[in-house]
file my_file.txt (compact mmCIF, C-alpha atoms)
# COMPACT_ATOMS: atom_id res chain seq x y z
CA MET A 137 -74.59 -40.00 112.65
CA THR A 138 -74.22 -42.48 115.55
CA ARG A 139 -72.30 -45.74 115.67
CA ARG A 140 -75.51 -47.67 116.07
CA SER A 141 -76.74 -46.47 112.71
CA GLY A 142 -73.67 -47.96 110.95
CA PRO A 143 -75.02 -51.47 110.14
CA LEU A 144 -78.35 -50.05 109.13
CA LEU A 145 -76.63 -47.59 106.86
CA LEU A 146 -74.60 -50.34 105.21
CA LEU A 147 -77.73 -52.42 104.75
CA SER A 148 -79.55 -49.45 103.33
CA VAL A 149 -76.75 -48.59 100.90
CA GLY A 150 -76.47 -52.21 99.86
CA ALA A 151 -80.19 -52.51 99.23
CA SER A 152 -80.25 -49.26 97.31
CA THR A 153 -77.35 -50.39 95.17
CA ALA A 154 -79.09 -53.67 94.44
CA ILE A 155 -82.30 -51.90 93.52
CA LEU A 156 -80.41 -49.50 91.29
CA PHE A 157 -78.55 -52.38 89.63
CA VAL A 158 -81.73 -54.35 89.01
CA GLY A 159 -83.47 -51.19 87.83
CA PHE A 160 -80.69 -50.33 85.44
CA ALA A 161 -80.60 -53.86 84.11
CA TYR A 162 -84.35 -53.61 83.48
CA LEU A 163 -84.25 -50.17 81.97
CA SER A 164 -81.07 -50.26 79.95
CA PRO A 165 -82.45 -52.17 76.93
CA ARG A 166 -85.24 -49.61 76.72
CA VAL A 167 -82.78 -46.77 76.94
CA PHE A 168 -80.74 -48.35 74.17
CA ALA A 169 -83.85 -49.00 72.13
CA GLY A 170 -84.61 -45.30 72.37
CA GLY A 171 -81.11 -44.63 71.21
CA GLN A 172 -80.33 -42.29 74.09
CA SER A 173 -77.18 -44.14 75.00
CA ASN A 174 -74.73 -46.41 73.29
CA ALA A 175 -72.84 -47.50 76.35
CA GLY A 176 -71.65 -50.99 75.53
CA GLY A 177 -73.24 -53.78 73.56
CA ASN A 178 -74.70 -51.68 70.79
CA GLU A 179 -71.80 -51.48 68.42
CA LYS A 180 -73.74 -53.41 65.79
CA SER A 181 -76.43 -50.75 65.73
CA LEU A 182 -73.88 -47.96 65.58
CA GLN A 183 -72.06 -49.64 62.73
CA ALA A 184 -75.34 -50.02 60.86
CA PHE A 185 -76.10 -46.35 61.28
CA ARG A 186 -72.67 -45.30 60.09
CA ALA A 187 -73.37 -47.25 56.91
CA VAL A 188 -76.78 -45.58 56.59
CA ALA A 189 -75.15 -42.19 57.17
CA SER A 190 -72.68 -42.79 54.36
CA VAL A 191 -75.67 -42.80 52.01
CA LEU A 192 -77.59 -39.96 53.65
CA THR A 193 -74.56 -37.70 53.39
CA SER A 194 -73.92 -38.49 49.74
CA PRO A 195 -74.46 -35.59 47.33
CA ARG A 196 -77.61 -37.13 45.85
CA CYS A 197 -79.30 -36.86 49.26
CA LEU A 198 -77.63 -33.75 50.70
CA ASN A 199 -78.41 -31.57 47.70
CA CYS A 200 -82.05 -31.46 48.76
CA HIS A 201 -81.66 -32.18 52.48
CA THR A 202 -80.12 -28.79 53.10
CA SER A 203 -80.85 -25.74 55.20
CA TYR A 204 -79.98 -23.55 52.22
CA GLY A 205 -83.03 -21.74 50.84
CA GLY A 206 -83.10 -23.90 47.74
CA PRO A 207 -81.60 -27.04 46.26
CA LEU A 208 -77.91 -27.65 45.70
CA GLN A 209 -76.24 -29.31 42.73
CA GLY A 210 -73.23 -31.45 41.92
CA ASP A 211 -70.88 -33.44 44.09
CA ASP A 212 -69.55 -30.16 45.54
CA ASN A 213 -73.05 -29.15 46.73
CA HIS A 214 -73.07 -25.77 44.99
CA PRO A 215 -76.31 -23.74 44.85
CA HIS A 216 -78.71 -24.75 42.06
CA ALA A 217 -78.32 -22.70 38.90
CA MET A 218 -80.98 -20.06 38.29
CA ASN A 219 -81.16 -19.31 42.01
CA VAL A 220 -83.91 -21.89 42.40
CA LYS A 221 -85.73 -21.52 45.73
CA ARG A 222 -87.46 -24.03 47.99
CA GLY A 223 -90.75 -22.10 47.91
CA VAL A 224 -93.61 -22.32 50.37
CA ASP A 225 -94.26 -26.01 49.68
CA GLY A 226 -90.82 -27.34 48.80
CA LYS A 227 -91.72 -27.37 45.11
CA GLY A 228 -90.12 -24.14 43.99
CA SER A 229 -91.17 -20.52 43.72
CA ALA A 230 -93.96 -19.05 41.62
CA ALA A 231 -93.17 -19.43 37.91
CA LEU A 232 -90.04 -21.40 38.70
CA ARG A 233 -91.45 -24.62 40.06
CA CYS A 234 -89.37 -27.79 40.21
CA LEU A 235 -91.65 -29.36 37.62
CA ALA A 236 -90.95 -26.53 35.17
CA CYS A 237 -87.83 -28.49 34.23
CA HIS A 238 -87.77 -31.81 36.13
CA GLN A 239 -89.79 -34.59 34.54
CA THR A 240 -90.68 -37.99 35.95
CA GLU A 241 -87.57 -39.45 34.37
CA ASN A 242 -83.99 -38.33 33.77
CA GLY A 243 -82.93 -36.30 30.79
CA LYS A 244 -80.84 -38.46 28.50
CA THR A 245 -77.96 -36.06 27.88
CA LEU A 246 -75.18 -34.83 30.15
CA HIS A 247 -76.28 -31.84 32.27
CA SER A 248 -79.91 -32.18 31.27
CA PRO A 249 -82.35 -32.08 34.21
CA PRO A 250 -82.64 -35.24 36.28
CA GLY A 251 -86.13 -36.44 37.04
CA ALA A 252 -88.32 -38.73 39.13
CA ALA A 253 -91.93 -38.75 40.25
CA ASP A 254 -92.75 -36.14 42.93
CA TRP A 255 -89.54 -34.20 42.37
CA GLN A 256 -89.32 -31.72 45.26
CA LEU A 257 -87.41 -30.63 48.33
CA PRO A 258 -88.54 -31.23 51.89
CA SER A 259 -91.05 -28.57 52.87
CA PRO A 260 -89.80 -25.43 54.62
CA LYS A 261 -91.73 -26.47 57.74
CA THR A 262 -89.67 -29.64 57.99
CA PRO A 263 -86.58 -29.07 55.87
CA MET A 264 -84.85 -32.22 57.15
CA ALA A 265 -81.57 -30.39 56.72
CA TRP A 266 -78.65 -32.76 57.14
CA LYS A 267 -75.78 -30.87 55.59
CA GLY A 268 -73.21 -29.91 58.22
CA LEU A 269 -74.51 -32.29 60.91
CA SER A 270 -72.22 -34.71 62.72
CA THR A 271 -73.11 -38.39 62.38
CA GLY A 272 -74.68 -38.31 65.84
CA GLU A 273 -76.69 -35.18 65.06
CA LEU A 274 -77.85 -36.71 61.79
CA CYS A 275 -78.94 -39.84 63.66
CA ARG A 276 -80.94 -37.90 66.24
CA THR A 277 -82.49 -35.74 63.53
CA LEU A 278 -83.55 -38.81 61.60
CA LYS A 279 -85.23 -40.25 64.69
CA ASP A 280 -87.01 -37.08 65.79
CA PRO A 281 -90.59 -36.95 64.40
CA ALA A 282 -90.48 -33.16 64.75
CA LYS A 283 -87.56 -33.10 62.33
CA ASN A 284 -88.16 -36.13 60.10
CA GLY A 285 -91.58 -35.37 58.70
CA ASN A 286 -93.46 -36.90 61.65
CA ARG A 287 -92.24 -40.42 60.86
CA SER A 288 -91.73 -43.31 63.21
CA LEU A 289 -88.60 -45.38 62.76
CA GLN A 290 -90.66 -47.96 60.86
CA ASP A 291 -92.05 -45.19 58.64
CA LEU A 292 -88.53 -44.42 57.47
CA ILE A 293 -88.30 -47.74 55.64
CA PRO A 294 -91.04 -47.17 53.03
CA HIS A 295 -89.81 -43.60 52.54
CA MET A 296 -86.49 -45.01 51.37
CA ASP A 297 -88.36 -46.96 48.71
CA THR A 298 -90.08 -43.96 47.08
CA SER A 299 -89.23 -43.12 43.50
CA LEU A 300 -87.52 -39.90 44.58
CA VAL A 301 -85.18 -41.66 47.01
CA ARG A 302 -84.57 -44.52 44.58
CA TRP A 303 -83.57 -41.92 41.98
CA ALA A 304 -80.27 -41.51 43.88
CA TRP A 305 -79.21 -44.88 42.46
CA ASN A 306 -80.28 -43.93 38.94
CA PRO A 307 -79.36 -40.24 38.79
CA GLY A 308 -78.75 -39.89 35.08
CA PRO A 309 -75.56 -39.21 33.17
CA GLY A 310 -72.65 -37.57 34.95
CA ARG A 311 -73.86 -38.00 38.53
CA THR A 312 -72.30 -40.20 41.20
CA VAL A 313 -74.38 -42.68 43.18
CA PRO A 314 -74.34 -43.37 46.96
CA PRO A 315 -71.62 -45.67 48.31
CA LEU A 316 -73.99 -48.58 49.06
CA SER A 317 -76.48 -50.25 46.76
CA HIS A 318 -80.12 -49.50 47.50
CA ASP A 319 -80.66 -53.03 48.83
CA GLU A 320 -77.62 -52.72 51.11
CA PHE A 321 -78.79 -49.32 52.29
CA VAL A 322 -82.30 -50.47 53.19
CA GLY A 323 -80.83 -53.60 54.80
CA ARG A 324 -78.54 -51.55 57.04
CA LEU A 325 -81.39 -49.17 57.87
CA LYS A 326 -83.54 -52.10 59.02
CA GLU A 327 -80.62 -53.55 60.94
CA TRP A 328 -80.09 -50.20 62.70
CA ILE A 329 -83.73 -50.04 63.72
CA GLU A 330 -83.92 -53.68 64.78
CA THR A 331 -80.80 -53.38 66.93
CA GLY A 332 -82.11 -50.43 68.91
CA ALA A 333 -81.48 -47.46 66.58
CA ALA A 334 -78.48 -46.35 68.57
CA CYS A 335 -76.94 -42.99 67.83
CA PRO A 336 -73.29 -42.01 68.02
CA GLN A 337 -72.49 -39.22 70.47
CA MET B 218 -96.35 -43.71 17.62
CA GLU B 219 -99.28 -42.94 19.90
CA THR B 220 -102.41 -40.87 19.71
CA ILE B 221 -102.10 -37.99 22.16
CA ARG B 222 -104.75 -35.38 22.84
CA LEU B 223 -103.99 -31.91 24.12
CA VAL B 224 -105.77 -28.60 24.43
CA VAL B 225 -103.54 -25.93 22.96
CA ASN B 226 -104.55 -22.30 23.37
CA GLY B 227 -108.09 -23.45 24.01
CA GLN B 228 -108.34 -25.71 20.97
CA PRO B 229 -108.48 -29.52 21.28
CA ARG B 230 -105.69 -31.18 19.29
CA GLU B 231 -105.11 -34.83 18.46
CA LEU B 232 -101.68 -35.96 17.38
CA ASN B 233 -100.30 -39.27 16.16
CA ILE B 234 -96.74 -38.92 17.36
CA ASP B 235 -93.76 -40.46 19.12
CA PRO B 236 -94.68 -39.86 22.78
CA ALA B 237 -91.10 -38.90 23.62
CA THR B 238 -91.17 -35.92 21.25
CA PRO B 239 -90.47 -32.70 23.15
CA LEU B 240 -93.53 -30.50 23.47
CA LEU B 241 -91.54 -27.65 21.89
CA TRP B 242 -91.26 -29.50 18.59
CA VAL B 243 -94.92 -30.48 18.69
CA LEU B 244 -95.85 -26.83 19.07
CA ARG B 245 -93.47 -25.52 16.47
CA GLU B 246 -93.42 -28.26 13.84
CA GLN B 247 -96.71 -30.09 14.22
CA LEU B 248 -98.93 -27.15 15.15
CA GLY B 249 -97.03 -24.27 13.53
CA LEU B 250 -96.89 -22.22 16.72
CA THR B 251 -93.42 -20.77 16.21
CA GLY B 252 -93.65 -18.05 18.84
CA THR B 253 -92.15 -20.45 21.37
CA LYS B 254 -88.38 -20.52 20.80
CA PHE B 255 -85.65 -23.13 20.97
CA GLY B 256 -82.76 -21.87 23.07
CA CYS B 257 -80.62 -24.48 24.81
CA GLY B 258 -82.70 -27.65 24.61
CA MET B 259 -81.79 -28.47 28.21
CA ALA B 260 -84.09 -26.30 30.36
CA LEU B 261 -81.26 -23.91 31.06
CA CYS B 262 -82.41 -20.70 29.38
CA GLY B 263 -86.22 -20.43 29.51
CA ALA B 264 -86.75 -19.40 25.87
CA CYS B 265 -89.16 -22.32 25.36
CA THR B 266 -91.41 -21.54 28.35
CA VAL B 267 -95.10 -22.30 27.94
CA HIS B 268 -97.90 -22.90 30.43
CA VAL B 269 -99.15 -26.38 31.25
CA ASP B 270 -102.35 -26.14 33.25
CA GLY B 271 -101.25 -22.63 34.18
CA ASN B 272 -97.74 -23.49 35.35
CA ALA B 273 -94.65 -22.28 33.52
CA VAL B 274 -92.87 -25.26 31.98
CA ARG B 275 -89.81 -25.67 29.75
CA SER B 276 -91.24 -27.26 26.64
CA CYS B 277 -87.84 -28.32 25.27
CA VAL B 278 -87.46 -31.03 27.93
CA THR B 279 -91.11 -31.93 28.34
CA PRO B 280 -92.06 -35.07 26.42
CA VAL B 281 -95.47 -34.69 24.86
CA LYS B 282 -96.67 -37.83 26.67
CA ALA B 283 -96.21 -35.94 29.96
CA VAL B 284 -98.80 -33.35 28.99
CA ALA B 285 -101.42 -35.61 27.43
CA GLY B 286 -104.88 -34.32 28.27
CA LYS B 287 -103.55 -31.05 29.67
CA ARG B 288 -104.11 -27.41 28.75
CA ILE B 289 -101.15 -25.82 26.99
CA THR B 290 -100.87 -22.06 26.55
CA THR B 291 -98.21 -20.59 24.28
CA ILE B 292 -97.25 -16.99 23.67
CA GLU B 293 -99.82 -16.96 20.84
CA GLY B 294 -102.51 -17.90 23.34
CA LEU B 295 -101.74 -15.30 25.98
CA SER B 296 -104.41 -13.21 24.26
CA SER B 297 -105.56 -12.88 20.68
CA ASP B 298 -105.69 -9.08 20.75
CA ARG B 299 -102.63 -8.00 22.78
CA SER B 300 -104.92 -7.32 25.71
CA HIS B 301 -103.06 -9.37 28.31
CA PRO B 302 -101.46 -7.04 30.88
CA VAL B 303 -98.05 -8.58 30.19
CA GLN B 304 -98.38 -7.87 26.46
CA LYS B 305 -99.46 -4.29 27.16
CA ALA B 306 -96.65 -3.73 29.64
CA TRP B 307 -94.01 -5.21 27.32
CA LEU B 308 -95.09 -2.74 24.62
CA GLN B 309 -95.34 0.18 27.03
CA VAL B 310 -91.87 -0.39 28.47
CA GLN B 311 -90.41 -1.47 25.10
CA VAL B 312 -88.71 -4.40 26.76
CA PRO B 313 -87.20 -6.40 23.87
CA GLN B 314 -83.89 -5.77 22.20
CA CYS B 315 -83.32 -8.72 19.87
CA GLY B 316 -86.52 -10.30 21.21
CA TYR B 317 -85.59 -13.95 20.93
CA CYS B 318 -86.00 -14.77 24.63
CA GLN B 319 -89.03 -12.56 25.15
CA PRO B 320 -91.82 -15.11 24.55
CA GLY B 321 -90.35 -17.19 27.35
CA GLN B 322 -89.87 -14.13 29.54
CA MET B 323 -93.47 -13.11 29.01
CA MET B 324 -94.85 -16.56 29.76
CA SER B 325 -92.88 -16.73 33.01
CA ALA B 326 -94.04 -13.23 33.91
CA ALA B 327 -97.67 -14.17 33.21
CA ALA B 328 -97.33 -17.29 35.35
CA LEU B 329 -95.90 -15.22 38.19
CA LEU B 330 -98.69 -12.63 38.03
CA ALA B 331 -101.32 -15.37 37.98
CA VAL B 332 -100.29 -16.36 41.51
CA ASN B 333 -98.84 -13.10 42.82
CA ALA B 334 -100.79 -9.96 41.92
CA LYS B 335 -98.25 -7.59 43.44
CA PRO B 336 -94.80 -9.14 43.27
CA SER B 337 -91.84 -7.48 44.93
CA ASP B 338 -88.50 -7.09 43.18
CA ALA B 339 -87.34 -10.18 45.06
CA ASP B 340 -90.40 -12.16 43.94
CA ILE B 341 -89.71 -11.15 40.36
CA ASP B 342 -86.05 -12.06 40.60
CA ASP B 343 -86.92 -15.49 42.04
CA ALA B 344 -89.53 -16.21 39.40
CA MET B 345 -87.54 -14.95 36.44
CA ALA B 346 -84.10 -16.30 37.35
CA GLY B 347 -84.53 -19.20 34.95
CA ASN B 348 -85.11 -16.97 31.92
CA LEU B 349 -81.89 -15.71 30.39
CA CYS B 350 -81.55 -12.67 28.15
CA ARG B 351 -78.26 -12.21 26.32
CA CYS B 352 -79.20 -8.62 25.50
CA GLY B 353 -79.47 -7.90 29.22
CA THR B 354 -82.99 -6.52 29.27
CA TYR B 355 -83.50 -7.66 32.85
CA ALA B 356 -84.09 -4.17 34.27
CA ARG B 357 -86.84 -3.50 31.70
CA ILE B 358 -88.35 -6.93 32.30
CA ARG B 359 -88.60 -6.23 36.01
CA LYS B 360 -90.11 -2.79 35.33
CA ALA B 361 -92.61 -4.25 32.86
CA ILE B 362 -93.76 -6.87 35.35
CA HIS B 363 -94.51 -4.11 37.85
CA VAL B 364 -96.39 -2.25 35.12
CA ALA B 365 -98.33 -5.39 34.16
CA ALA B 366 -99.25 -5.99 37.78
CA GLU B 367 -100.55 -2.44 38.05
CA LEU B 368 -102.50 -2.79 34.77
CA ALA B 369 -104.07 -6.02 35.99
CA ARG B 370 -105.04 -4.50 39.33
CA SER B 371 -106.52 -1.36 37.76
CA ALA B 372 -108.56 -3.49 35.34
CA LYS B 373 -110.39 -5.19 38.21
call {"tool": "encode", "arguments": {"input": "my_file.txt", "output": "structure tokens"}}
result
Amino acid sequence: MTRRSGPLLLLSVGASTAILFVGFAYLSPRVFAGGQSNAGGNEKSLQAFRAVASVLTSPRCLNCHTSYGGPLQGDDNHPHAMNVKRGVDGKGSAALRCLACHQTENGKTLHSPPGAADWQLPSPKTPMAWKGLSTGELCRTLKDPAKNGNRSLQDLIPHMDTSLVRWAWNPGPGRTVPPLSHDEFVGRLKEWIETGAACPQ
Amino acid sequence: METIRLVVNGQPRELNIDPATPLLWVLREQLGLTGTKFGCGMALCGACTVHVDGNAVRSCVTPVKAVAGKRITTIEGLSSDRSHPVQKAWLQVQVPQCGYCQPGQMMSAAALLAVNAKPSDADIDDAMAGNLCRCGTYARIRKAIHVAAELARSAK
């Protein structure tokens, strides 16, 4: 490099820096909206997701959102009695279907089968397995249409209002409920989406 | 009380009954079909298994309102002349000991064979895991299901 190229080089570097800065300023909200980064300014979204995650990782959700070959039970997530399997459609194996025991409403007595409409696990094609994931991994799984049942972020909201999801707040005798109310949960989910759906690392 | 219509073992039935009544008690006490047994009352043992539209269901926890308009098959309706492959196999293998759980075992076995003509041991174990037998006849049950599958295939 010659001395004469010095001022030009400085000008070039300066211009490039300016372009990069402007470009980053233009792109960064989009990056945040995609949730690929949480660098600064998105703490509100992260806090909202942590609240959402506290519900998603509660036993009432995890017992079906599992990579285990069938449902789990109880607050300790032990395998479902009778070695119940997920089956080819998420509704149990032949002759031992979920609906063999689970009705559309809870059993009234302790340890009797809980129930809600459409009682089932996620399908084996999209098991939506959350158990064992970090909060960041759970977040990215929830946002990935390939892993969330081909749902957009907006599609997640009505899913949380289905009878099966709502069952978590009315699980029948002897079962704990998630740490937030259903209204709080849906509110924090909407807040997370509206603030850019940021994911923890 | 409500009027509820069912088809039980091929026969239309009309009942004036509390809709929350478990199907098991409708079968046993209203219709006199006592082949279906009460075991635990909580869907934990399988003794009360019947078919609802072909699917194995625990009748002790199934309110009759949930099966209104549906086809119910009990152990009495499996066949009227012991010709069902499961009935033949159960006799051939001499499965029962005390026999109390066997109607439920047979109904689960029949439901399995209706959707899987040649089940493996693993298929059988998965399908039958909800039917308990305090006599421990599980090995004979598994053998009889294989026999029933073979009988059904050879009959075609």
call {"tool": "interface_residues", "arguments": {"input": "my_file.txt", "of": "chain A", "to": "chain B", "cutoff": "7 Å", "atoms": "only C-alpha atoms", "output": "PyMOL selection string"}}
result
chain A and resi 218-219+229-232+236-237+239+248
call {"tool": "atom_distance", "arguments": {"input": "my_file.txt", "atom1": "CA of Lys261 (chain A)", "atom2": "CA of Arg287 (chain A)"}}
result
14.3 Å
call {"tool": "closest_residue", "arguments": {"input": "my_file.txt", "among": "B:Asn226, B:Gln314, B:Gln309, B:Thr238", "to": "Ile362 (chain B)", "atoms": "only C-alpha atoms"}}
result
B:Gln309
call {"tool": "residues_near_point", "arguments": {"input": "my_file.txt", "point": "(-88.1, -28.9, 60.6)", "cutoff": "9 Å", "atoms": "all atoms listed in the file", "output": "PDB file with C-alpha atoms, in the frame of the given file"}}
result
ATOM      1  CA  SER A 259     -91.050 -28.570  52.870  1.00  0.00           C
ATOM      2  CA  PRO A 260     -89.800 -25.430  54.620  1.00  0.00           C
ATOM      3  CA  LYS A 261     -91.730 -26.470  57.740  1.00  0.00           C
ATOM      4  CA  THR A 262     -89.670 -29.640  57.990  1.00  0.00           C
ATOM      5  CA  PRO A 263     -86.580 -29.070  55.870  1.00  0.00           C
ATOM      6  CA  MET A 264     -84.850 -32.220  57.150  1.00  0.00           C
ATOM      7  CA  ALA A 265     -81.570 -30.390  56.720  1.00  0.00           C
ATOM      8  CA  ALA A 282     -90.480 -33.160  64.750  1.00  0.00           C
ATOM      9  CA  LYS A 283     -87.560 -33.100  62.330  1.00  0.00           C
ATOM     10  CA  ASN A 284     -88.160 -36.130  60.100  1.00  0.00           C
ATOM     11  CA  GLY A 285     -91.580 -35.370  58.700  1.00  0.00           C
TER      12      GLY A 285
END
call {"tool": "atom_distance", "arguments": {"input": "my_file.txt", "atom1": "CA of Cys318 (chain B)", "atom2": "CA of Arg351 (chain B)"}}
result
8.3 Å
call {"tool": "atom_distance", "arguments": {"input": "my_file.txt", "atom1": "CA of Glu330 (chain A)", "atom2": "CA of Pro281 (chain A)"}}
result
18.0 Å
call {"tool": "residues_around", "arguments": {"input": "my_file.txt", "residues": "region 240-246 of chain A", "least_positions_apart": "6", "cutoff": "9 Å", "atoms": "all atoms listed in the file", "output": "ChimeraX atom specification"}}
result
/A:252-255,303,306-310 /B:259,278,283
call {"tool": "closest_residue", "arguments": {"input": "my_file.txt", "among": "A:Asn178, A:Asp212, A:Phe185, A:Tyr204", "to": "Trp328 (chain A)", "atoms": "only C-alpha atoms"}}
result
A:Phe185
call {"tool": "closest_residue", "arguments": {"input": "my_file.txt", "among": "B:Arg230, B:Lys305, B:Lys282, B:Arg222", "to": "Glu367 (chain B)", "atoms": "all atoms listed in the file"}}
result
B:Lys305
call {"tool": "residues_around", "arguments": {"input": "my_file.txt", "residues": "Trp307 (chain B)", "least_positions_apart": "2", "cutoff": "9 Å", "atoms": "only C-alpha atoms", "output": "list in words"}}
result
Pro302, Val303, Gln304, Lys305, Gln309, Val310, Gln311, Val312, Pro313, Met323, Arg357, Ile358, Ala361, Ile362, Val364 and Ala365 of chain B
call {"tool": "write_last_selection", "arguments": {"input": "my_file.txt", "atoms": "C-alpha atoms", "output": "compact mmCIF listing (two decimals), keeping the file's coordinate frame"}}
result
# COMPACT_ATOMS: atom_id res chain seq x y z
CA PRO B 302 -101.46 -7.04 30.88
CA VAL B 303 -98.05 -8.58 30.19
CA GLN B 304 -98.38 -7.87 26.46
CA LYS B 305 -99.46 -4.29 27.16
CA GLN B 309 -95.34 0.18 27.03
CA VAL B 310 -91.87 -0.39 28.47
CA GLN B 311 -90.41 -1.47 25.10
CA VAL B 312 -88.71 -4.40 26.76
CA PRO B 313 -87.20 -6.40 23.87
CA MET B 323 -93.47 -13.11 29.01
CA ARG B 357 -86.84 -3.50 31.70
CA ILE B 358 -88.35 -6.93 32.30
CA ALA B 361 -92.61 -4.25 32.86
CA ILE B 362 -93.76 -6.87 35.35
CA VAL B 364 -96.39 -2.25 35.12
CA ALA B 365 -98.33 -5.39 34.16
call {"tool": "closest_residue", "arguments": {"input": "my_file.txt", "among": "B:Leu368, B:His301, B:Tyr317, B:Tyr355", "to": "Ala334 (chain B)", "atoms": "all atoms listed in the file"}}
result
B:Leu368
call {"tool": "closest_residue", "arguments": {"input": "my_file.txt", "among": "A:Val220, A:Cys234, A:Leu274, A:Leu208", "to": "Thr193 (chain A)", "atoms": "only C-alpha atoms"}}
result
A:Leu274
call {"tool": "closest_residue", "arguments": {"input": "my_file.txt", "among": "A:Lys221, A:Gly226, A:Cys275, A:Ala189", "to": "Ala339 (chain B)", "atoms": "only C-alpha atoms"}}
result
A:Lys221
